[in-house]
Amino acid sequence: MICENWIRFILIQNRAGKTRLAKWYMQFDDDEKQKLIEEVHAVVTVRDAKHTNFVEVFICGLTCYTLFPLQFRNFKIIYRRYAGLYFCICVDVTDNNLAYLEAIHNFVEVLNEYFHNVCELDLVFNFYKVYTVVDEMFLAGEIRETSQTKVLKQLLMLQSLE
Amino acid sequence: MPAVSKGDGMRGLAVFISDIRNCKSKEAEIKRINKELANIRSKFKGDKALDGYSKKKYVCKLLFIFLLGHDIDFGHMEAVNLLSSNKYTEKQIGYLFISVLVNSNSELIRLINNAIKNDLSSRNPTFMCLALHCIANVGSREMAEAFAGEIPRILVAGDTMDSVKQSAALCLLRLYKTSPDLVLMGEWTSRVVHLLNDQHMGVVTAAISLITCLSQKNPDEFKTCVSLAVSRLSRIVSSASTDLQDYTYYFVPAPWLSCKLLRLLQCYPPPEDGAVKGRLVECLETILNKAQEPPKSKKVQHSNAKNAILFEAISLIIHYDSEPNLLVRACNQLGQFLQHRETNLRYLALESMCTLASSEFSHEAVKTHIETVINALKTERDVSVRQRAADLLYAMCDRSNAKQIVAEMLSYLETADYSIREEMVLKVAILAEKYAVDYSWYVDTILNLIRIAGDYVSEEVWYRVIQIVINRDDVQGYAAKTVFEALQAPACHENMVKVGGYILGEFGNLIAGDPRSSPLVQFNLLHSKFHLCSVPTRALLLSAYIKFINLFPETKSTIQEVLRSDSQIRNSDVELQQRAVEYLKLSSIASTDVLATVLEEMPPFPERESSILAKLKKKKGPGAVSVNELEEGKREGGELNGGGERGGDSSAIASTPSPSADLLGLRAGPPVTAAAPSAGSLLVDVFSEAGVNDDGFLRFVCKNNGVLFENQLLQIGIKSEYRQNLGRMYLFYGNKTSVQFVTFTTTVTCPGELQSHILHIHTWNSLEPLIEGGAQVQQVINIECLTDFSDAPLLNIKFRYGGALQNLTLKLPVTINKFFQPTEMASHDFFQRWKQLSLPQQEAQKIFKANHAMDTEVLKAKLLGLGMALLENVDPNPENFVCAGVIQTKAQQVGSLLRLEPNAQAQMYRLTVRSSKDTVSKRLCELLAEQF
C-alpha cells in the first residue's frame, strides 16, 4: 500500500552515537525509541563509501530487530553522512530511496544557510530552532516544502518575530 | 542571509547547555541537572509571577533536560500557559514542549485544545501553522475529535494563506491515519483534488500526500485526480530546468513533486481516456529520454534527483505492465546502471530489474544482463547489493539459463554470508526443481547443495528430493549411484547421510550389481557414519537396515548382528531401542513374503505444491519485494508436480501416522503393534483426529483467559492482553500425566494470507523440549496486527509421550475484535455515524437462533468482552444493544458500530455490524453469530 509510505522517524546522530535530533512520526514508547536510536547508530556507522546509503531493517512493535541483510524487511534507513554527523530517515521499504536521500541533502543545505555554515554545536545550542526547520520541511511524516528559498524566507520571518 | 548565533535569545539556556557540556562525568551532569531542576521548581512555585520570557526559558531548559534522557514531571502547566502568549517565540516553545512530551492528562488536553482552537481562529498564519503543526505532531484521538471537522474547512477556504494550506493538508492526513472514522468525507473532498492545480507548488507537494492516501481508501471518489496529476506532471516534465525557479533542485524541476505525482498514479490502472493516456506515455518517454541526455551538472545531487524521478517512472511502467516498448526501454536504462560506478545506482537497478523480470514483455530483455548480474554477485562489496543480485538471478531464471544460474548460485553459496544462506539454499532447490529437464541434474544439484551448505538445508529441501526420486523411476538408479559416491567422502553432512539412508534403503538394489557397491559395501558405508549421527538420523538408518534385510537377504546376518549389539538393543534412547528390538524381531520371525510386503517400496507421494516453495513463502515477511517472483514460482511450480495443489506444507511426507506405511520414521510414530512402553492404555495416539481442532477457538471471542484445550495428557491454558494493535499471549502447557513429555515443540504458523496480516514473534522463553510429569511450562507470543484479518493463526504442538508421537494443531484465539478500542458516544453521534457507513458492503447482517438463554446481563458481559463500548440510552428500543469501537491495526483504524436486536418471543437475534471496511463487518458478524 502506497499509503503506508511515510517517514517513520528522522534522526541526526554524531559518530559517538549522541542524538542531535530525533523526530518521530510513528508511535514508539521511550524504550523502543532508545533501542532504535542505538540500532540505527550500530548499522549506519559501520558502513563506508563502498556501501549504499540504504540499510533495510525490520522493525516490529514491541521489539525492534535490525537483522541485516534480512528476509523480513519492512523499513529502510536512508542516511547520509556530513562530517561527523549522520542524517537518517526511516521509510517503508517500497519508498523512493533517492528522493529521500536528496530530501536529506536539501534539509542540510537549509540548515547550512540558516545557521551560516552549520556545525554540530549549532544543533546543540539551537535545538528548539532545529525543530522549527524540520516542521517547515517535513510534517506528519511527509515532505511539506522543498523550496529552499521559501523555507529560508519563512524562517527569516519567524526569526524577526518576538 | 538569515544566520543565527549560538543560543541566540536565551542566554541562561546557552549557559546551562555549556555547563552540561563541560561536565566531566555522568555524575557531575546529573548533579548540575538536579540543581537546575530545583532552581526551576522554585521559580515556578515562587510567589512572584514569572514573565513570559522567563517562563519560556525555563520550559526550554526542561525540554533540553528531557531530551538528554531525564524524566520531567513538572512544567506542563507552564508550557500550556505559554500557548496563550501572543509572542511567537513563547508560543513556539510552549507548542514544542507539548509536542515532544505528549501527556494524556485529560485536564491538560482540554486546555491545550482550547489554546489550539484560539490559534486556529486567530487568522494569524504563523499562529495557525504552530497550532496545526502541534496537531500533526501529536495526532491524538482527542485532537482528532476536536479538530477533524475544522481542518478541512481551513484547507479549502478561499482566503487561507498558502503556508497554512500546506500545514492543514498534512495535519488532516495525520488525523486521517490515526482516526479515519473521525475524518468525514464531504463537500471539501472534491475541492481537495483540485489543489493539484494550485499555483503554489508547495501546496501541491503537501496536498498530494493527502490525496494519495485518501484516493487509496476511496479510489472512485478521487478518480478525477488521475487526469489532473497527468497534466501537472506533464507541465513539470516539459518545463525547462529554470522555469520552476524555487522548485528547481540542481537543474531538475520539482523532483519530489514529480515522484509524488508518479506515485499517486500508481494507485490507479492506466488512464482510460486516450488523450490522458497519450500525454502520460509522452511524459514517461521524456523522463526516459532525459536519462540519456548529458548531465547538466556533475554534482551527485543532480543525478540523484533526476534518477529519483526515473525510478519512480519505471515503477509506474511496471505497475501498468502494458507498454512493451516502455518496459524494454526501462530495462535497457537499468542495464546501464548495473555497471555504474555509484553503488546506490547498481543496487537500485538490481532491485528494480527484479520486478521487470516478472513481466512477460521485459523478461527476455532482463535476461541479456545475466553476465553483469553474476559478476555483481561475485564482486560487490556491500552484502545488500549481492543479495539483490541473487534475487535478480532467481527472478530472471528460466529453462534457458537455469543450469548457468544454479551453478553460479551454488558457487556463491560457498562464500555467502551466513544470514542469507538458508534463503539461497531454498532458491537453488526451487530453481533446480522447477527447471529440471533431466532429473540427474536435479539430484546432482541438491546433493551439491547438501555438500556445500548442509547446515542450511532445511528438512523441506531433503524431503523434497526424496519425494521426487520416489515419484520418478527414471532417476532412481542415478540417485542411488550418486548418493553412494557422495557418501564416500570422509566427512559428509548429516543431511547427506539421511538422504543416503533413505535412497539406498529404497533403491540400493539398483546399484548392487556393481561389486564396488555391493550390498555389504553399501551397508558398511552407511554404518560407518552411524556413530557420528544424531538420534533421528540413527533411527532413519535403522529403518534403512531393515529394508536392506528385505532387499538383500545376504546382509541379514550382518545386520542382525548390529541390531543385536548392546549399543542398539539396550540403547538409552527409547526410540532407537524400540526400533532395534522390533526390527530384529521382525527380521527373525517374519517370512520373506511378509517381510517383502511390510517393507514394500514406498508408494509415490501425492502431487502437491512444493513444500520448499511453501517454506520460502513463509520466510518472506510482510512487505517483501519478491511477491511477484514467488507468485510466478507458484504458477510454474506445477511442472514437476502436476496439479500444483495448494495447501501442501512441510508435513508433505509426514502425513498421518499409519502403522505400516511409513517405517522410515521421518515423522510418524512407531507402529501401533509396538510393545507398550510405560504409557499403558494411553499409547494410542490421542490426538489422532485429523485436521485442526478449533473447539476452543470460539469460546475466546469474548474473553481473553481460560483453558483452550484439554485431554487426558495435556492442558493448555491461555492468558492474553491487548493494547492498540499489539497483543501478548501467554500459553501454559500442563503435563497431566506422571510421565515426561519429550521433544516437546510448538510452532505458530499463519496460514495463507494471514502471514501478511498478523505478525507474531516468539519472544523471551523458547520452550525447553522436556516437560516433567505434572509440570507446567509457559510460553509467550507477541502478536502484532498489521491489517484486518479473518483466519486464525495455528498452533502446532508435537511431543513424545512414552515413545508415541503426539501431534496436535489448534486455532489460536486471535480474532480481529481483540484489537478493539471502545469508543463512547452519544446517541446523536452514533446514528450520524451509522448513516455515514451506509454503503451496502460496509454492512453485514445475520439473523440467527439463540443458542443460550437470552439473559440481558450475560449478553452485556459478552458484548463488553468483545472489546467495544456498550452504549446505554442510545437505541430508542431499550431491548436492543448498540456498541461502538475502533479496531487498531498497524495499517489503519477501522471504526465499527454494532447493533444487536434480541427477539425473546422468537428466540432469535438480528445482528448488524457496520464498519468502514467490508471485510471487518463480515468477520465480526461471523464471529459473533456463534456467541449468543
# chains A, B, ... in the order shown; residues from 1 in each chain; ligands from 1

call {"tool": "residues_around", "arguments": {"residues": "B:Gln301", "least_positions_apart": "5", "cutoff": "10 Å", "atoms": "only C-alpha atoms", "output": "number ranges by chain"}}
result
A: 98, 101-102, 105-106; B: 249-252, 306-307

call {"tool": "residues_around", "arguments": {"residues": "stretch 557-570 of chain B", "least_positions_apart": "6", "cutoff": "6 Å", "atoms": "only C-alpha atoms", "output": "PyMOL selection string"}}
result
chain B and resi 577+580-581

call {"tool": "residues_around", "arguments": {"residues": "stretch 156-168 of chain B", "least_positions_apart": "3", "cutoff": "7 Å", "atoms": "only C-alpha atoms", "output": "MDAnalysis selection string"}}
result
(chainID A and resid 144) or (chainID B and resid 125 128:129 132:133 151:153 171:172 188 191:192 202:203 206:207)

call {"tool": "write_last_selection", "arguments": {"atoms": "C-alpha atoms", "output": "compact mmCIF listing (two decimals), in the first residue's frame"}}
result
# COMPACT_ATOMS: atom_id res chain seq x y z
CA ARG A 144 5.87 19.67 3.28
CA PRO B 125 -0.94 32.48 9.67
CA MET B 128 -2.30 28.87 12.77
CA CYS B 129 0.71 26.94 11.49
CA LEU B 132 -1.58 22.82 13.01
CA HIS B 133 1.95 21.50 13.49
CA ILE B 151 -9.26 21.50 9.46
CA PRO B 152 -10.89 20.59 6.12
CA ARG B 153 -12.60 23.98 6.24
CA CYS B 171 -2.33 17.80 9.55
CA LEU B 172 -5.51 16.35 8.12
CA TRP B 188 -14.39 19.56 0.77
CA ARG B 191 -12.04 20.68 -3.70
CA VAL B 192 -9.01 18.94 -2.23
CA GLY B 202 4.45 23.83 -2.08
CA VAL B 203 0.70 23.48 -1.66
CA ALA B 206 1.76 18.86 0.61
CA ALA B 207 -1.73 18.21 -0.72

call {"tool": "select_by_dssp", "arguments": {"residues": "chain A", "states": "helix (DSSP H, G or I)", "output": "number ranges by chain"}}
result
A: 2-4, 30-45, 97-114, 120-125, 127-137, 148-160

call {"tool": "atom_distance", "arguments": {"atom1": "atom CA of A:Cys119", "atom2": "atom CA of A:Ala16"}}
result
15.5 Å

call {"tool": "residues_around", "arguments": {"residues": "stretch 266-271 of chain B", "least_positions_apart": "6", "cutoff": "8 Å", "atoms": "only C-alpha atoms", "output": "CSV table (one decimal) with all heavy atoms, in the first residue's frame"}}
result
chain,number,residue,atom,x,y,z
A,2,ILE,N,0.6,2.1,-0.9
A,2,ILE,CA,1.4,3.3,-1.0
A,2,ILE,C,1.2,4.2,0.2
A,2,ILE,O,2.0,5.0,0.6
A,2,ILE,CB,1.2,4.0,-2.4
A,2,ILE,CG1,1.7,3.1,-3.5
A,2,ILE,CG2,1.8,5.4,-2.4
A,2,ILE,CD1,1.4,3.5,-4.8
B,212,THR,N,-3.1,11.2,-2.1
B,212,THR,CA,-2.7,9.8,-2.4
B,212,THR,C,-3.4,8.9,-1.4
B,212,THR,O,-3.9,7.8,-1.7
B,212,THR,CB,-1.2,9.7,-2.3
B,212,THR,OG1,-0.6,10.6,-3.2
B,212,THR,CG2,-0.7,8.3,-2.7
B,215,SER,N,-7.2,8.7,-1.8
B,215,SER,CA,-7.6,8.0,-3.0
B,215,SER,C,-7.4,6.5,-2.9
B,215,SER,O,-8.0,5.7,-3.6
B,215,SER,CB,-7.0,8.6,-4.3
B,215,SER,OG,-5.6,8.5,-4.2
B,216,GLN,N,-6.5,6.1,-2.1
B,216,GLN,CA,-6.3,4.7,-1.9
B,216,GLN,C,-7.5,4.1,-1.2
B,216,GLN,O,-7.9,2.9,-1.4
B,216,GLN,CB,-5.0,4.4,-1.1
B,216,GLN,CG,-3.9,4.4,-2.0
B,216,GLN,CD,-2.6,3.9,-1.4
B,216,GLN,OE1,-2.4,4.1,-0.2
B,216,GLN,NE2,-1.9,3.1,-2.1
B,219,PRO,N,-11.0,5.1,-3.9
B,219,PRO,CA,-10.5,5.3,-5.3
B,219,PRO,C,-11.5,6.0,-6.2
B,219,PRO,O,-11.2,6.9,-6.9
B,219,PRO,CB,-10.1,3.9,-5.8
B,219,PRO,CG,-10.6,2.9,-4.7
B,219,PRO,CD,-10.9,3.7,-3.5
B,226,VAL,N,-6.5,11.5,-11.4
B,226,VAL,CA,-5.6,11.0,-12.4
B,226,VAL,C,-5.3,12.0,-13.5
B,226,VAL,O,-4.1,12.2,-13.8
B,226,VAL,CB,-6.2,9.7,-13.0
B,226,VAL,CG1,-5.3,9.1,-14.2
B,226,VAL,CG2,-6.3,8.6,-11.9
B,227,SER,N,-6.3,12.5,-14.1
B,227,SER,CA,-6.1,13.4,-15.2
B,227,SER,C,-5.4,14.7,-14.8
B,227,SER,O,-4.5,15.2,-15.4
B,227,SER,CB,-7.3,13.7,-16.0
B,227,SER,OG,-8.3,14.4,-15.1
B,277,LYS,N,-4.0,9.2,-21.5
B,277,LYS,CA,-3.0,8.1,-21.5
B,277,LYS,C,-1.8,8.5,-22.4
B,277,LYS,O,-0.7,8.4,-22.1
B,277,LYS,CB,-3.7,6.9,-22.1
B,277,LYS,CG,-2.8,5.7,-22.4
B,277,LYS,CD,-3.0,4.6,-21.4
B,277,LYS,CE,-2.0,3.5,-21.6
B,277,LYS,NZ,-2.5,2.4,-22.4
B,316,LEU,N,6.1,3.0,-12.2
B,316,LEU,CA,4.8,3.2,-12.8
B,316,LEU,C,4.6,2.3,-14.1
B,316,LEU,O,3.6,1.7,-14.3
B,316,LEU,CB,4.5,4.7,-13.1
B,316,LEU,CG,3.1,5.0,-13.7
B,316,LEU,CD1,2.0,4.7,-12.7
B,316,LEU,CD2,3.0,6.5,-14.1
B,319,HIS,N,4.1,-1.1,-13.0
B,319,HIS,CA,2.7,-1.2,-12.4
B,319,HIS,C,1.7,-1.3,-13.5
B,319,HIS,O,0.8,-2.2,-13.4
B,319,HIS,CB,2.4,0.1,-11.6
B,319,HIS,CG,1.0,0.2,-11.2
B,319,HIS,ND1,0.5,-0.5,-10.1
B,319,HIS,CD2,0.0,1.0,-11.6
B,319,HIS,CE1,-0.8,-0.2,-10.0
B,319,HIS,NE2,-1.1,0.8,-10.9
B,320,TYR,N,1.8,-0.6,-14.6
B,320,TYR,CA,0.9,-0.7,-15.7
B,320,TYR,C,1.1,-2.0,-16.4
B,320,TYR,O,0.2,-2.7,-16.9
B,320,TYR,CB,1.0,0.4,-16.7
B,320,TYR,CG,0.5,1.8,-16.2
B,320,TYR,CD1,0.9,3.0,-16.8
B,320,TYR,CD2,-0.4,1.8,-15.1
B,320,TYR,CE1,0.4,4.2,-16.3
B,320,TYR,CE2,-0.9,3.0,-14.6
B,320,TYR,CZ,-0.5,4.2,-15.2
B,320,TYR,OH,-1.0,5.4,-14.8

call {"tool": "closest_residue", "arguments": {"among": "B:Leu870, B:Arg923, B:Val499, B:Ala491", "to": "B:Val701", "atoms": "only C-alpha atoms"}}
result
B:Arg923

call {"tool": "closest_residue", "arguments": {"among": "B:Ser54, B:Ser827, B:Leu101, B:Leu83", "to": "A:Asp30", "atoms": "only C-alpha atoms"}}
result
B:Leu101
